[in-house]
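Raw my_file.cif, mmCIF, C-alpha atoms:
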```
data_protein
loop_
_atom_site.label_atom_id
_atom_site.label_comp_id
_atom_site.auth_asym_id
_atom_site.auth_seq_id
_atom_site.Cartn_x
_atom_site.Cartn_y
_atom_site.Cartn_z
CA MET A 240 10.68 -11.15 -34.38
CA ALA A 241 9.87 -11.35 -30.73
CA LYS A 242 6.80 -9.28 -31.29
CA TYR A 243 5.69 -11.11 -34.43
CA TYR A 244 2.32 -12.07 -33.01
CA ASP A 245 1.77 -8.88 -31.05
CA ILE A 246 -1.40 -7.29 -32.43
CA ASP A 247 -0.40 -3.86 -31.13
CA ASP A 248 2.91 -4.11 -32.88
CA ILE A 249 1.17 -4.95 -36.12
CA SER A 250 -1.15 -1.98 -35.87
CA ILE A 251 1.75 0.34 -35.08
CA GLU A 252 3.46 -0.73 -38.26
CA GLU A 253 0.30 0.03 -40.22
CA GLU A 254 0.67 3.73 -39.35
CA HIS A 255 1.17 5.82 -42.47
CA VAL A 256 4.28 7.89 -43.07
CA LEU A 257 5.13 10.27 -45.85
CA VAL A 258 8.17 9.23 -47.87
CA THR A 259 10.09 10.85 -50.73
CA PHE A 260 11.33 8.47 -53.38
CA GLN A 261 15.06 8.78 -54.03
CA LYS A 262 14.96 6.38 -56.93
CA ALA A 263 12.50 5.97 -59.71
CA ALA A 264 10.36 2.88 -59.49
CA SER A 265 8.25 1.31 -62.13
CA GLY A 266 5.59 -1.32 -62.04
CA VAL A 267 4.40 -0.38 -58.59
CA GLY A 268 0.85 0.75 -58.02
CA ILE A 269 1.39 2.24 -54.60
CA ASP A 270 0.53 5.79 -55.54
CA PRO A 271 -3.22 5.87 -56.15
CA GLY A 272 -3.06 9.44 -57.45
CA SER A 273 -0.75 8.80 -60.34
CA GLU A 274 -2.00 7.71 -63.71
CA SER A 275 0.70 5.23 -64.52
CA ASP A 276 2.48 2.60 -62.47
CA PHE A 277 5.67 4.62 -62.67
CA ILE A 278 6.98 6.64 -59.71
CA GLU A 279 9.44 9.40 -60.44
CA THR A 280 12.37 10.39 -58.27
CA GLY A 281 11.36 12.94 -55.69
CA SER A 282 7.66 12.14 -55.64
CA LYS A 283 6.02 12.01 -52.26
CA VAL A 284 3.86 9.05 -51.34
CA GLU A 285 2.19 7.92 -48.13
CA LEU A 286 3.19 4.39 -47.25
CA PRO A 287 2.56 2.20 -44.24
CA PHE A 288 5.48 2.14 -41.85
CA TRP A 289 6.54 -1.43 -42.52
CA LEU A 290 6.94 -0.78 -46.22
CA ALA A 291 8.66 2.55 -45.72
CA HIS A 292 11.06 0.92 -43.30
CA GLU A 293 12.06 -1.77 -45.78
CA LEU A 294 12.46 0.72 -48.62
CA LYS A 295 14.52 2.97 -46.39
CA LEU A 296 16.90 0.11 -45.64
CA ARG A 297 17.38 -0.27 -49.39
CA GLN A 298 18.05 3.48 -49.73
CA ALA A 299 15.08 3.82 -52.08
CA VAL A 300 13.21 6.43 -50.08
CA SER A 301 13.81 9.04 -47.45
CA VAL A 302 11.29 9.17 -44.65
CA ASN A 303 9.75 12.48 -43.57
CA VAL A 304 8.93 13.22 -39.98
CA PRO A 305 5.34 12.04 -39.42
CA SER A 306 2.71 14.62 -38.64
CA CYS A 307 2.29 13.46 -35.04
CA PHE A 308 5.82 14.68 -34.31
CA ASN A 309 5.49 18.03 -36.05
CA GLN A 310 6.51 21.35 -34.61
CA LYS A 311 3.04 22.15 -33.36
CA THR A 312 2.83 19.00 -31.27
CA ARG A 313 6.28 19.62 -29.89
CA SER A 314 5.51 23.10 -28.72
CA GLU A 315 2.26 21.88 -27.19
CA ILE A 316 4.17 19.21 -25.30
CA GLN A 317 6.62 21.81 -24.12
CA ALA A 318 3.84 24.05 -22.90
CA ASP A 319 1.67 21.53 -21.08
CA ALA A 320 2.46 17.92 -21.78
CA ALA A 321 -0.18 16.57 -19.44
CA GLY A 322 -3.03 18.21 -21.30
CA VAL A 323 -2.09 17.32 -24.86
CA ASN A 324 -4.35 14.85 -26.57
CA LEU A 325 -1.70 12.45 -27.86
CA ARG A 326 -4.28 9.79 -28.57
CA SER A 327 -5.77 11.74 -31.45
CA ARG A 328 -2.31 12.23 -32.93
CA CYS A 329 -1.25 8.61 -32.74
CA PRO A 330 -2.71 5.92 -30.48
CA PHE A 331 0.73 4.39 -30.03
CA PHE A 332 2.64 7.64 -29.75
CA TYR A 333 5.64 6.29 -27.84
CA GLU A 334 6.03 2.95 -29.59
CA PHE A 335 5.68 4.57 -32.99
CA GLY A 336 8.16 7.22 -31.97
CA CYS A 337 10.69 4.62 -30.96
CA LYS A 338 10.26 2.84 -34.27
CA ILE A 339 10.39 5.93 -36.45
CA ALA A 340 13.28 7.67 -34.68
CA PRO A 341 16.12 5.61 -36.21
CA ILE A 342 14.95 6.05 -39.80
CA VAL A 343 14.24 9.77 -39.94
CA ASP A 344 16.88 12.46 -39.89
CA ASP A 345 15.37 14.21 -36.91
CA ARG A 346 17.39 13.32 -33.81
CA LYS A 347 15.10 15.22 -31.49
CA ILE A 348 12.25 12.71 -31.47
CA GLY A 349 13.74 10.67 -28.63
CA ILE A 350 13.97 13.76 -26.47
CA VAL A 351 10.40 14.75 -27.26
CA LEU A 352 9.21 11.29 -26.24
CA LEU A 353 11.12 11.29 -22.99
CA SER A 354 10.09 14.77 -21.94
CA ALA A 355 6.46 14.05 -22.81
CA PHE A 356 6.44 10.85 -20.83
CA LYS A 357 8.19 12.46 -17.88
CA SER A 358 5.58 15.10 -17.33
CA ARG A 359 2.62 12.92 -18.21
CA TYR A 360 3.83 10.20 -15.84
CA LYS A 361 3.19 12.42 -12.83
CA GLU A 362 -0.32 13.15 -13.96
CA ILE A 363 -1.07 9.48 -14.49
CA LEU A 364 0.47 8.56 -11.15
CA THR A 365 -1.80 10.82 -9.17
CA LYS A 366 -4.94 10.30 -11.20
CA ALA A 367 -4.70 6.55 -11.62
CA HIS A 368 -4.59 5.88 -7.90
CA SER A 369 -7.30 8.29 -6.90
CA VAL A 370 -9.82 9.26 -9.58
CA ALA A 371 -13.13 7.47 -9.37
CA PHE A 372 -14.35 5.23 -12.12
CA ALA A 373 -16.88 7.73 -13.46
CA ALA A 374 -14.40 10.57 -13.86
CA ARG A 375 -11.79 8.62 -15.69
CA SER A 376 -13.25 8.58 -19.20
CA LYS A 377 -12.48 12.24 -19.72
CA PHE A 378 -8.87 11.73 -18.81
CA TRP A 379 -8.68 8.50 -20.77
CA ASN A 380 -9.41 10.15 -24.08
CA ILE A 381 -6.10 11.96 -24.19
CA LEU A 382 -3.90 9.03 -23.19
CA THR A 383 -2.04 6.87 -25.64
CA ASN A 384 -2.37 3.10 -25.46
CA GLU A 385 0.92 2.71 -23.60
CA GLU A 386 -0.26 5.17 -20.99
CA ILE A 387 -3.61 3.45 -20.71
CA ASN A 388 -1.84 0.20 -19.92
CA LEU A 389 -0.01 1.97 -17.14
CA TYR A 390 -3.19 3.58 -15.92
CA GLU A 391 -5.09 0.32 -15.91
CA ALA A 392 -2.34 -1.44 -13.96
CA ALA A 393 -2.65 1.15 -11.22
CA GLN A 394 -6.43 1.19 -11.28
CA SER A 395 -6.81 -2.56 -11.08
CA ALA A 396 -4.40 -2.75 -8.15
CA MET A 397 -6.35 -0.04 -6.40
CA THR A 398 -9.77 -1.55 -7.08
CA SER A 399 -8.72 -5.00 -5.96
CA PHE A 400 -7.44 -3.50 -2.74
CA LYS A 401 -10.68 -1.61 -2.21
CA LYS A 402 -12.69 -4.71 -2.91
CA TRP A 403 -10.71 -6.60 -0.30
CA ARG A 404 -11.09 -3.82 2.23
CA MET A 405 -14.84 -3.59 1.79
CA GLY A 406 -15.08 -7.28 2.43
CA GLY A 407 -17.10 -9.77 0.50
CA PRO A 408 -17.24 -13.51 0.53
CA ARG A 409 -14.33 -14.67 2.63
CA PHE A 410 -14.75 -18.23 1.58
CA GLN A 411 -15.13 -19.20 -2.00
CA ILE A 412 -16.41 -22.59 -3.01
CA ALA A 413 -13.94 -24.40 -5.21
CA SER A 414 -15.30 -25.14 -8.65
CA VAL A 415 -14.89 -28.87 -8.01
CA LEU A 416 -17.20 -28.72 -5.02
CA ARG A 417 -19.76 -26.65 -6.87
CA LYS A 418 -20.05 -29.34 -9.53
CA ARG A 419 -20.66 -32.00 -6.94
CA LYS A 420 -23.81 -30.33 -5.73
CA MET A 421 -25.52 -30.94 -9.03
CA TYR A 422 -25.57 -34.70 -8.54
CA MET B 1170 0.61 -18.81 -4.62
CA ALA B 1171 1.43 -15.34 -5.81
CA GLY B 1172 0.79 -14.73 -9.45
CA GLN B 1173 -1.73 -17.46 -9.98
CA SER B 1174 -4.72 -15.43 -8.99
CA ASN B 1175 -3.57 -12.62 -11.23
CA HIS B 1176 -1.86 -12.59 -14.59
CA GLU B 1177 0.59 -10.00 -13.26
CA PRO B 1178 3.65 -12.07 -12.27
CA SER B 1179 5.00 -10.12 -9.33
CA LEU B 1180 1.76 -8.99 -7.77
CA PHE B 1181 0.30 -10.46 -4.64
CA SER B 1182 -3.41 -10.17 -4.31
CA ALA B 1183 -4.78 -8.52 -1.19
CA GLU B 1184 -6.02 -11.93 -0.01
CA GLU B 1185 -2.54 -13.40 -0.30
CA LEU B 1186 -1.11 -10.58 1.77
CA GLU B 1187 -3.80 -11.18 4.35
CA PHE B 1188 -2.76 -14.83 4.44
CA ILE B 1189 0.85 -13.83 5.09
CA ALA B 1190 -0.21 -11.40 7.80
CA GLU B 1191 -2.01 -14.16 9.64
CA ASP B 1192 1.37 -15.44 10.83
CA GLU B 1193 1.89 -12.39 13.02
CA ILE B 1194 1.80 -13.09 16.75
CA VAL B 1195 -0.94 -11.61 18.93
CA ASP B 1196 -1.81 -11.85 22.59
CA ILE B 1197 -4.91 -13.83 23.46
CA VAL B 1198 -6.79 -14.57 26.65
CA PRO B 1199 -8.17 -18.11 26.35
CA ASN B 1200 -11.19 -19.29 28.31
CA ILE B 1201 -10.46 -22.97 27.86
CA LYS B 1202 -7.84 -25.29 29.22
CA MET B 1203 -5.74 -26.84 26.49
CA GLY B 1204 -2.27 -28.32 26.27
CA PRO B 1205 0.50 -26.70 24.21
CA LEU B 1206 0.32 -26.85 20.42
CA ASN B 1207 3.52 -27.88 18.65
CA LEU B 1208 3.39 -26.30 15.20
CA ILE B 1209 6.04 -25.96 12.55
CA SER B 1210 6.28 -22.24 13.21
CA GLY B 1211 6.77 -22.80 16.93
CA ASP B 1212 5.14 -24.02 20.11
CA PHE B 1213 2.14 -22.17 21.45
CA GLY B 1214 0.37 -22.58 24.73
CA PRO B 1215 -0.40 -24.17 27.10
CA PHE B 1216 -3.69 -22.37 27.22
CA THR B 1217 -5.13 -21.67 30.65
CA PRO B 1218 -8.28 -19.61 31.25
CA GLN B 1219 -7.62 -15.93 32.02
CA ILE B 1220 -3.86 -16.26 31.45
CA VAL B 1221 -2.53 -14.14 28.59
CA THR B 1222 -0.59 -16.16 26.05
CA GLN B 1223 0.70 -15.66 22.52
CA ALA B 1224 -0.57 -17.24 19.35
CA PRO B 1225 -0.39 -16.58 15.63
CA LEU B 1226 -3.25 -14.50 14.33
CA TRP B 1227 -4.82 -17.34 12.36
CA LEU B 1228 -5.00 -19.49 15.46
CA ALA B 1229 -6.35 -16.63 17.51
CA ILE B 1230 -9.09 -16.05 14.94
CA ALA B 1231 -9.94 -19.74 14.79
CA LEU B 1232 -10.28 -19.88 18.58
CA LYS B 1233 -12.19 -16.62 18.65
CA LYS B 1234 -14.71 -17.90 16.13
CA ARG B 1235 -15.44 -20.84 18.42
CA GLY B 1236 -15.74 -18.52 21.41
CA LYS B 1237 -12.68 -20.00 23.10
CA CYS B 1238 -10.68 -16.85 23.60
CA SER B 1239 -10.64 -13.10 23.39
CA ILE B 1240 -7.96 -11.31 21.39
CA CYS B 1241 -6.00 -8.45 22.94
CA PRO B 1242 -5.51 -5.92 20.14
CA PRO B 1243 -1.87 -4.97 19.66
CA GLN B 1244 -0.50 -1.88 21.40
CA TRP B 1245 -0.41 0.23 18.27
CA MET B 1246 -4.11 -0.36 17.67
CA SER B 1247 -5.23 1.79 20.56
CA ASP B 1248 -7.08 5.03 20.08
CA GLU B 1249 -4.40 7.25 21.67
CA LYS B 1250 -1.50 5.60 19.91
CA LEU B 1251 -3.12 5.91 16.50
CA THR B 1252 -3.98 9.55 17.14
CA GLN B 1253 -0.30 10.14 17.85
CA VAL B 1254 0.74 8.28 14.73
CA LEU B 1255 -1.69 10.24 12.58
CA GLU B 1256 -0.35 13.46 14.01
CA ALA B 1257 3.22 12.35 13.32
CA GLU B 1258 2.32 11.34 9.77
CA ARG B 1259 0.77 14.71 9.10
CA GLN B 1260 3.74 16.57 10.54
CA SER B 1261 6.53 15.16 8.44
CA GLN B 1262 7.14 13.90 4.92
CA GLU B 1263 8.75 10.76 6.30
CA ILE B 1264 6.57 7.72 6.83
CA SER B 1265 6.59 6.89 10.52
CA ASP B 1266 7.95 3.60 11.81
CA GLN B 1267 5.32 3.24 14.52
CA LEU B 1268 3.13 0.79 12.65
CA PRO B 1269 3.98 -2.82 11.78
CA PHE B 1270 4.58 -4.02 8.25
CA HIS B 1271 1.14 -5.64 7.99
CA TYR B 1272 -0.92 -3.03 9.81
CA VAL B 1273 -3.60 -2.80 7.11
CA GLU B 1274 -4.19 -6.54 7.05
CA ILE B 1275 -4.00 -7.10 10.81
CA SER B 1276 -6.43 -4.30 11.54
CA ARG B 1277 -8.88 -5.57 8.94
CA LEU B 1278 -8.73 -9.12 10.33
CA LEU B 1279 -9.33 -7.91 13.86
CA PHE B 1280 -12.18 -5.61 12.80
CA ASP B 1281 -13.83 -8.53 11.08
CA HIS B 1282 -13.32 -11.26 13.64
CA ALA B 1283 -12.90 -9.60 16.99
CA PRO B 1284 -14.84 -6.33 16.90
CA ASP B 1285 -15.95 -6.77 20.51
CA ASN B 1286 -12.36 -6.87 21.77
CA ILE B 1287 -11.36 -3.52 20.28
CA HIS B 1288 -11.94 -0.48 22.39
CA GLU B 1289 -13.73 2.35 20.51
CA ILE B 1290 -13.75 0.43 17.25
CA TYR B 1291 -15.31 3.18 15.13
CA LYS B 1292 -12.64 5.64 16.11
CA VAL B 1293 -9.84 3.14 15.54
CA ARG B 1294 -11.22 2.17 12.18
CA SER B 1295 -11.44 5.71 10.91
CA LEU B 1296 -8.02 6.57 12.32
CA ILE B 1297 -6.41 3.70 10.45
CA GLU B 1298 -8.19 4.76 7.31
CA ASP B 1299 -6.93 8.33 7.72
CA ILE B 1300 -3.39 7.16 8.38
CA ARG B 1301 -3.45 4.97 5.31
CA ASN B 1302 -4.62 7.86 3.17
CA VAL B 1303 -1.99 10.24 4.49
CA ARG B 1304 0.73 7.67 3.99
CA PHE B 1305 -0.39 6.79 0.51
CA HIS B 1306 -0.36 10.43 -0.47
CA LYS B 1307 3.25 10.64 0.71
CA VAL B 1308 4.17 7.58 -1.31
CA GLN B 1309 2.72 9.22 -4.40
CA THR B 1310 4.65 12.40 -3.78
CA ASP B 1311 7.83 10.39 -3.41
CA LEU B 1312 7.20 8.41 -6.55
CA GLU B 1313 6.79 11.59 -8.58
CA ALA B 1314 10.57 11.89 -8.39
CA PHE B 1315 11.04 9.31 -11.15
CA ASN B 1316 12.05 11.02 -14.36
CA GLY B 1317 14.32 8.71 -16.27
CA ARG B 1318 17.42 9.98 -14.53
CA THR B 1319 16.21 9.27 -11.03
CA ILE B 1320 15.87 5.53 -11.13
CA ALA B 1321 15.43 4.84 -7.46
CA VAL B 1322 13.69 6.51 -4.58
CA LYS B 1323 14.12 5.65 -0.97
CA ILE B 1324 10.89 5.28 0.95
CA LYS B 1325 11.29 4.00 4.45
CA ASN B 1326 8.77 2.04 6.52
CA LEU B 1327 6.45 1.27 3.65
CA SER B 1328 3.88 -1.35 4.56
CA ALA B 1329 3.10 -4.52 2.64
CA MET B 1330 -0.24 -3.37 1.31
CA GLU B 1331 1.03 0.04 0.25
CA VAL B 1332 3.92 -1.35 -1.70
CA ASN B 1333 1.66 -3.94 -3.28
CA ILE B 1334 -0.73 -1.31 -4.58
CA VAL B 1335 1.92 0.73 -6.36
CA ARG B 1336 4.00 -2.21 -7.57
CA PRO B 1337 2.38 -2.92 -10.97
CA PHE B 1338 2.26 0.73 -11.91
CA ILE B 1339 5.84 1.48 -10.90
CA GLY B 1340 7.18 -1.61 -12.62
CA ARG B 1341 5.68 -0.58 -15.91
CA ALA B 1342 6.56 3.07 -15.52
CA LEU B 1343 10.22 2.27 -14.89
CA GLN B 1344 10.22 -0.04 -17.87
CA ALA B 1345 8.92 2.81 -20.01
CA PHE B 1346 11.52 5.22 -18.66
CA LEU B 1347 14.26 2.71 -19.38
CA LYS B 1348 13.05 2.39 -22.93
CA HIS B 1349 12.74 6.09 -23.65
CA ASP B 1350 15.98 7.07 -21.98
CA SER B 1351 18.03 4.55 -23.95
CA PRO B 1352 21.11 5.94 -25.71
CA GLU B 1353 19.84 4.77 -29.10
CA LEU B 1354 16.95 7.19 -28.96
CA ILE B 1355 18.71 10.09 -27.36
CA PRO B 1356 22.09 10.90 -28.88
CA ASP B 1357 24.88 11.69 -26.47
CA PRO B 1358 25.53 15.39 -27.12
CA GLU B 1359 21.90 16.20 -26.37
CA ARG B 1360 22.06 14.14 -23.24
CA VAL B 1361 24.98 16.14 -21.89
CA SER B 1362 23.46 19.54 -22.60
CA ASP B 1363 20.16 18.41 -21.18
CA ARG B 1364 21.70 17.27 -17.96
CA THR B 1365 21.75 19.85 -15.24
CA PRO B 1366 24.66 19.54 -12.85
CA HIS B 1367 23.71 17.90 -9.63
CA VAL B 1368 25.54 19.09 -6.58
CA VAL B 1369 24.59 15.97 -4.69
CA ASN B 1370 26.19 13.69 -7.26
CA ASN B 1371 29.52 15.50 -7.09
CA ALA B 1372 29.82 15.19 -3.36
CA PRO B 1373 32.36 12.59 -2.25
CA ARG B 1374 30.79 9.30 -1.43
CA VAL B 1375 31.13 8.14 2.13
CA THR B 1376 31.84 4.47 2.34
CA GLY B 1377 31.25 2.61 5.51
CA LEU B 1378 29.75 4.13 8.56
CA THR B 1379 30.26 7.58 9.82
CA LYS B 1380 30.01 7.73 13.54
CA VAL B 1381 30.50 10.32 16.16
CA CYS B 1382 33.38 9.40 18.42
CA LYS B 1383 32.10 9.71 21.94
CA LYS B 1384 35.49 10.57 23.35
CA CYS B 1385 36.40 13.56 21.23
CA LEU B 1386 33.04 14.21 19.50
CA SER B 1387 34.66 14.26 16.07
CA MET B 1388 32.64 12.98 13.15
CA GLU B 1389 34.67 10.75 10.91
CA SER B 1390 34.65 7.26 9.52
CA LEU B 1391 35.51 4.86 12.25
CA TYR B 1392 35.74 2.04 9.82
CA SER B 1393 35.20 1.65 6.14
CA THR B 1394 33.81 -1.23 4.18
CA SER B 1395 36.05 -0.77 1.17
CA VAL B 1396 38.21 -3.74 0.30
CA ASP B 1397 41.60 -2.08 -0.04
CA GLU B 1398 41.38 -0.25 3.26
CA PRO B 1399 39.34 -2.39 5.64
CA TYR B 1400 39.93 -0.41 8.81
CA THR B 1401 40.69 3.21 9.34
CA VAL B 1402 42.28 3.78 12.68
CA HIS B 1403 40.51 6.56 14.42
CA THR B 1404 42.87 9.06 15.98
CA HIS B 1405 41.26 11.45 18.37
CA SER B 1406 42.20 14.46 16.31
CA ASN B 1407 39.80 16.91 17.87
CA PHE B 1408 40.59 15.74 21.34
CA PRO B 1409 42.19 18.43 23.50
CA LYS B 1410 45.87 17.63 23.89
CA THR B 1411 45.95 18.40 27.54
CA LEU B 1412 43.57 15.62 28.26
CA ASN B 1413 45.14 13.17 25.85
CA ARG B 1414 47.72 11.67 28.17
#
```
Show me this structure written as structure tokens.
Amino acid sequence: MAKYYDIDDISIEEEHVLVTFQKAASGVGIDPGSESDFIETGSKVELPFWLAHELKLRQAVSVNVPSCFNQKTRSEIQADAAGVNLRSRCPFFYEFGCKIAPIVDDRKIGIVLLSAFKSRYKEILTKAHSVAFAARSKFWNILTNEEINLYEAAQSAMTSFKKWRMGGPRFQIASVLRKRKMY
Amino acid sequence: MAGQSNHEPSLFSAEELEFIAEDEIVDIVPNIKMGPLNLISGDFGPFTPQIVTQAPLWLAIALKKRGKCSICPPQWMSDEKLTQVLEAERQSQEISDQLPFHYVEISRLLFDHAPDNIHEIYKVRSLIEDIRNVRFHKVQTDLEAFNGRTIAVKIKNLSAMEVNIVRPFIGRALQAFLKHDSPELIPDPERVSDRTPHVVNNAPRVTGLTKVCKKCLSMESLYSTSVDEPYTVHTHSNFPKTLNR
């Protein structure tokens, strides 16, 4: 509940996952492909995460591993984690991974997340403190939102330092004083 | 105060660090006669023309602006000294302890307010810039060591500005590592197989201080800080018996 108003958290939970129904359900129109409102046992439907999570808690569905954690992505991360475009796979790769890991059978997701972050961290560390503003957009496109937060924290610290070093107005007029001038 | 100028709670802005650095003491040569100043931080003066005296940097700058003194740049801000420091920084991975904690801020303040008192200012300025770059590169190399298992790195002699630049990034990165390395996400059996044995971790921990005994040149703990055994009596074990009368 702590993150109830967090807009990022809401959009993470909107992410679709593929579930297999373990029980038959009637009167639900969640499967747009089916002709009736009846869902048979074993049918596969894409549901948003928040719904899948609730149904999983009630043992009604089993959740499949989402496509952004498939074998292809994993081997790409193993090969060169820093170059993988995780953003195209899922903009909140890490957060979504943390949320999905407890409800799927695959125990390896946590390890994938950690090893991906480990190697990408180094890349972000060096680039965030040095790369110029113009060059960053290319690197930005492959970062997930969590990594962009990290990157921005470093960049803003670095730019504010550079701004200070280059100088600028040493004295700033307080807003109260500025108002006075108008009279 | 810190945090108000920026939404990041633990981050000082560069201006705030500059403010803190203004409390450092510098030597000044006044050209006015003035009685001593009794300030909360201490007493400064009396000021006599041509007599070197000490003052906090903010006071020195205030006097300098009015043309009442000239500031003697600190020892480390000389051309030769900085060349040495730069050389030392390039030689080793360790950050040298030759520069004060606020060297970035002090040098900037002096460049701005007392450029005529610094000998060979262009050279000094570029040397400080080079040193800062070399040092920052080292800090980055050191920080690359974080990987979830390494949760602390030891970087000696880091300056205020350098630590301030990396602080927001490192705070968030460590938070992320903590989250992704939590036992809920990574089951224990995997954790064990994943972990490579560290020789360093298995080495016995030395508590207290290890010193070299001057008498017999043996290296052993002269005293320990552990609670159950507060003092270890040092017996000169390596000492030649013939001399040990």
Closest atom pairs, residues of chain A within 8 Å of chain B, all atoms listed in the file, as CSV:
```
residue,atom,partner,partner_atom,distance
A:Cys337,CA,B:Leu1354,CA,7.1
A:Ala340,CA,B:Leu1354,CA,6.8
A:Pro341,CA,B:Leu1354,CA,7.5
A:Arg346,CA,B:Pro1356,CA,7.2
A:Lys347,CA,B:Ile1355,CA,7.5
A:Ile348,CA,B:Leu1354,CA,7.7
A:Gly349,CA,B:Leu1354,CA,4.7
A:Ile350,CA,B:Ile1355,CA,6.1
A:Leu352,CA,B:His1349,CA,6.8
A:Leu353,CA,B:His1349,CA,5.5
A:Phe356,CA,B:Phe1346,CA,7.9
A:Lys357,CA,B:Asn1316,CA,5.4
A:Tyr360,CA,B:Ala1342,CA,7.6
A:Lys361,CA,B:Glu1313,CA,5.6
A:Leu364,CA,B:Gln1309,CA,7.1
A:Thr365,CA,B:Gln1309,CA,6.8
A:Leu389,CA,B:Phe1338,CA,5.8
A:Tyr390,CA,B:Phe1338,CA,7.3
A:Ala392,CA,B:Phe1338,CA,5.5
A:Ala393,CA,B:Phe1338,CA,5.0
A:Ala396,CA,B:Ile1334,CA,5.3
A:Met397,CA,B:Ile1334,CA,6.0
A:Ser399,CA,B:Ala1183,CA,7.1
A:Phe400,CA,B:Ala1183,CA,5.9
A:Trp403,CA,B:Ala1183,CA,6.3
A:Arg404,CA,B:Arg1277,CA,7.3
```
Practice item. Find the residue from A:Val302, A:Ala367, A:Ala355, A:Leu296 that sits nearest to Ile339 (chain A); use only C-alpha atoms when measuring. Key: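 Of A:Val302, A:Ala367, A:Ala355, A:Leu296, the one nearest Ile339 (chain A), counting only C-alpha atoms, is A:Val302.
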> Once the PyMOL selection byres ((chain A and resi 379) around 12) has been applied to the shown file, what residues remain in the selection, as a count of residues only?
Replying inline: 32
Query - Interatomic distance, CA of Asp276 (chain A) to CA of Ala264 (chain A) (Å, one decimal) - result: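 Going from CA of Asp276 (chain A) over to CA of Ala264 (chain A) covers 8.4 Å.
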| said: Once the PyMOL selection byres ((chain B and resi 1236-1253) around 10) is applied to the coordinates I shared, what remains selected? I want it as a ChimeraX atom specification. | reply: /B:1194-1202,1216,1218-1219,1221-1224,1226,1229-1235,1254-1259,1267-1269,1272,1275-1276,1279-1280,1282-1294,1296-1297,1299-1300
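Distance-wise, CA of Val1308 (chain B) and CA of Lys1325 (chain B) end up 9.8 Å apart.
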